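Report on one structure; see the data block that follows.
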Amino acid sequence: MEFKALQAEMIKALKAGQKERKESISLLVAAVKKAAIDAGCREEIPEDLVTQAILKEAKSAKEQVDTCPESRQDLLEKYKAHLAVVEEFAPKMMSAEEVEALLKEKYADVIATKNRGMIMKTVMADLKGKADGKVISGVVGELCK
């Protein structure tokens with residue numbers, strides 16, 4: 001996703017009077033800006049940097065929902081709403097079946113070695129941001145049996 005598109009969505013939410021949505025998108029914009037400053041590319045922010053920042057924020061939002069005590073329903077609802085907005089902008093992740101099919105098709109020679117470390121090193125570079133690391137690790141573990 002382009003950074004300008006993310007900013008446009010924030011402005012759209014602001015104009016529509018959607019306070020919670022605007023706040024969530026604003027947090028995403030801030031996370032992207034911080035990542036851009038850290039990477040030294042303030043002016044032209046690449047799409048992969050935007051995607052990385054959104055995925056990081058999505059992971060953080062999931063952790064908030066998971067760790068929120070059940071006695072705090074007000075906070076839990078707020079966290080779930082934030083997570084829903086963040087996931088709207090996050091790229092769709094591959095399922096375990098899709099990961100397994102890709103690995104068998106593209107990395108059959110590496111999988112044949114049954115060396116889990118080498119497989120993960122080879123695969124992670126290609127699947128970063130496309131599939132969850134836990135899903136990839138689980139599929140690789142099954143393929144190495």
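Going by the structure tokens order, chains are called A, B, ..., each with residues numbered from 1, while ligands are numbered from 1 in the order shown.
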Distance query stretch 106-123 of chain A at most 12 Å, only C-alpha atoms, self and fewer than 4 positions along chain excluded, as a compact mmCIF listing (two decimals) with N, CA and C atoms, in the first residue's frame:
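Here's the written file part_10.txt:
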# COMPACT_ATOMS: atom_id res chain seq x y z
N GLU A 98 -1.57 -22.96 1.37
CA GLU A 98 -0.92 -22.20 0.30
C GLU A 98 0.60 -22.22 0.46
N VAL A 99 1.06 -22.08 1.71
CA VAL A 99 2.50 -22.10 1.99
C VAL A 99 3.07 -23.47 1.62
N GLU A 100 2.36 -24.53 2.02
CA GLU A 100 2.85 -25.88 1.72
C GLU A 100 2.93 -26.12 0.21
N ALA A 101 1.91 -25.68 -0.52
CA ALA A 101 1.91 -25.85 -1.97
C ALA A 101 3.08 -25.09 -2.61
N LEU A 102 3.31 -23.87 -2.15
CA LEU A 102 4.41 -23.07 -2.69
C LEU A 102 5.76 -23.72 -2.39
N LEU A 127 9.09 -15.34 1.55
CA LEU A 127 7.73 -15.27 2.09
C LEU A 127 7.53 -14.19 3.16
N LYS A 128 8.56 -13.41 3.44
CA LYS A 128 8.43 -12.38 4.46
C LYS A 128 7.35 -11.37 4.06
N GLY A 129 6.39 -11.17 4.94
CA GLY A 129 5.30 -10.25 4.67
C GLY A 129 4.15 -10.87 3.90
N LYS A 130 4.32 -12.12 3.47
CA LYS A 130 3.27 -12.81 2.72
C LYS A 130 2.60 -13.89 3.56
N ALA A 131 3.35 -14.41 4.55
CA ALA A 131 2.83 -15.45 5.42
C ALA A 131 3.40 -15.27 6.82
N ASP A 132 2.65 -15.70 7.80
CA ASP A 132 3.08 -15.60 9.19
C ASP A 132 4.23 -16.58 9.43
N GLY A 133 5.23 -16.12 10.16
CA GLY A 133 6.41 -16.95 10.44
C GLY A 133 6.07 -18.24 11.16
N LYS A 134 5.08 -18.20 12.06
CA LYS A 134 4.68 -19.41 12.78
C LYS A 134 4.06 -20.43 11.83
N VAL A 135 3.29 -19.95 10.88
CA VAL A 135 2.67 -20.85 9.89
C VAL A 135 3.76 -21.50 9.04
N ILE A 136 4.72 -20.69 8.60
CA ILE A 136 5.81 -21.21 7.78
C ILE A 136 6.60 -22.25 8.55
N SER A 137 6.92 -21.94 9.80
CA SER A 137 7.68 -22.86 10.64
C SER A 137 6.93 -24.17 10.83
N GLY A 138 5.64 -24.09 11.04
CA GLY A 138 4.83 -25.30 11.22
C GLY A 138 4.82 -26.16 9.97
N VAL A 139 4.67 -25.54 8.82
CA VAL A 139 4.65 -26.27 7.55
C VAL A 139 6.01 -26.91 7.30
N VAL A 140 7.08 -26.17 7.53
CA VAL A 140 8.43 -26.71 7.34
C VAL A 140 8.65 -27.89 8.28
N GLY A 141 8.19 -27.77 9.51
CA GLY A 141 8.32 -28.87 10.46
C GLY A 141 7.61 -30.13 9.98
N GLU A 142 6.42 -29.96 9.43
CA GLU A 142 5.67 -31.12 8.90
C GLU A 142 6.39 -31.73 7.69
N LEU A 143 6.95 -30.89 6.84
CA LEU A 143 7.64 -31.38 5.64
C LEU A 143 8.96 -32.08 5.98
N CYS A 144 9.56 -31.74 7.10
CA CYS A 144 10.85 -32.33 7.49
C CYS A 144 10.71 -33.67 8.21
N LYS A 145 9.49 -34.06 8.51
CA LYS A 145 9.28 -35.34 9.25
C LYS A 145 9.62 -36.52 8.38
**OP:** DSSP on the backbone, then: every residue of stretch 10-102 of chain A marked alpha helix (DSSP H), written as a VMD selection string.
**Re:** chain A and resid 10 to 16 19 to 39 47 to 67 73 to 89 96 to 102
Limited to C-alpha atoms, could you put the picked residues into a file as a CSV table (one decimal), in the first residue's frame?
chain,number,residue,atom,x,y,z
A,10,MET,CA,-7.1,9.0,7.4
A,11,ILE,CA,-8.4,12.2,5.9
A,12,LYS,CA,-11.5,10.5,4.6
A,13,ALA,CA,-12.2,9.0,8.1
A,14,LEU,CA,-11.7,12.5,9.6
A,15,LYS,CA,-14.1,14.1,7.2
A,16,ALA,CA,-16.7,11.3,7.8
A,19,LYS,CA,-13.2,9.2,15.3
A,20,GLU,CA,-12.0,5.7,16.2
A,21,ARG,CA,-11.2,4.8,12.6
A,22,LYS,CA,-9.3,8.0,12.2
A,23,GLU,CA,-7.3,7.4,15.4
A,24,SER,CA,-6.4,3.8,14.3
A,25,ILE,CA,-5.2,5.0,10.8
A,26,SER,CA,-3.4,7.9,12.4
A,27,LEU,CA,-1.4,5.3,14.5
A,28,LEU,CA,-0.5,3.5,11.3
A,29,VAL,CA,0.6,6.7,9.6
A,30,ALA,CA,2.8,7.5,12.7
A,31,ALA,CA,4.3,4.0,12.6
A,32,VAL,CA,5.1,4.3,8.9
A,33,LYS,CA,6.7,7.7,9.4
A,34,LYS,CA,8.8,6.4,12.3
A,35,ALA,CA,10.0,3.5,10.2
A,36,ALA,CA,10.8,5.8,7.3
A,37,ILE,CA,12.8,8.1,9.6
A,38,ASP,CA,14.7,5.1,11.0
A,39,ALA,CA,15.4,3.8,7.5
A,47,GLU,CA,5.6,0.4,-0.3
A,48,ASP,CA,7.5,-2.5,1.4
A,49,LEU,CA,8.3,-0.2,4.3
A,50,VAL,CA,4.7,0.8,4.6
A,51,THR,CA,3.7,-2.9,4.6
A,52,GLN,CA,6.3,-3.8,7.2
A,53,ALA,CA,5.0,-1.1,9.5
A,54,ILE,CA,1.4,-2.1,9.1
A,55,LEU,CA,2.2,-5.8,9.8
A,56,LYS,CA,4.2,-4.8,12.9
A,57,GLU,CA,1.2,-2.7,14.1
A,58,ALA,CA,-1.2,-5.6,13.3
A,59,LYS,CA,0.9,-7.9,15.4
A,60,SER,CA,1.0,-5.4,18.3
A,61,ALA,CA,-2.8,-5.0,18.0
A,62,LYS,CA,-3.3,-8.8,18.2
A,63,GLU,CA,-1.2,-9.0,21.3
A,64,GLN,CA,-3.3,-6.2,22.9
A,65,VAL,CA,-6.4,-8.2,22.2
A,66,ASP,CA,-4.9,-11.4,23.5
A,67,THR,CA,-3.5,-10.0,26.7
A,73,GLN,CA,-14.7,-5.3,28.2
A,74,ASP,CA,-14.5,-1.6,27.4
A,75,LEU,CA,-10.8,-1.9,26.6
A,76,LEU,CA,-11.3,-5.2,24.8
A,77,GLU,CA,-13.9,-3.7,22.4
A,78,LYS,CA,-11.5,-0.7,21.7
A,79,TYR,CA,-8.6,-3.1,20.9
A,80,LYS,CA,-10.8,-5.2,18.7
A,81,ALA,CA,-12.0,-2.2,16.8
A,82,HIS,CA,-8.4,-1.0,16.3
A,83,LEU,CA,-7.3,-4.5,15.2
A,84,ALA,CA,-10.1,-4.6,12.6
A,85,VAL,CA,-9.0,-1.3,11.1
A,86,VAL,CA,-5.4,-2.3,11.0
A,87,GLU,CA,-6.2,-5.6,9.4
A,88,GLU,CA,-8.1,-3.8,6.7
A,89,PHE,CA,-4.8,-2.3,5.5
A,96,ALA,CA,-0.8,-23.1,5.7
A,97,GLU,CA,-2.1,-25.0,2.6
A,98,GLU,CA,-0.9,-22.2,0.3
A,99,VAL,CA,2.5,-22.1,2.0
A,100,GLU,CA,2.8,-25.9,1.7
A,101,ALA,CA,1.9,-25.9,-2.0
A,102,LEU,CA,4.4,-23.1,-2.7
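Interatomic distance, atom CA of A:Arg72 against atom CA of A:Gln18: 23.2 Å.
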Subject >> Atomic separation - atom CA of A:Ala5 relative to atom CA of A:Glu44, Å >> reply: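 Here the two named atoms are 13.4 Å from each other.
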Original post:
Between atom CA of A:Phe3 and atom CA of A:Ile45, what is the spacing in Å?
Top reply: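 Separation of atom CA of A:Ile45 and atom CA of A:Phe3: 6.8 Å.
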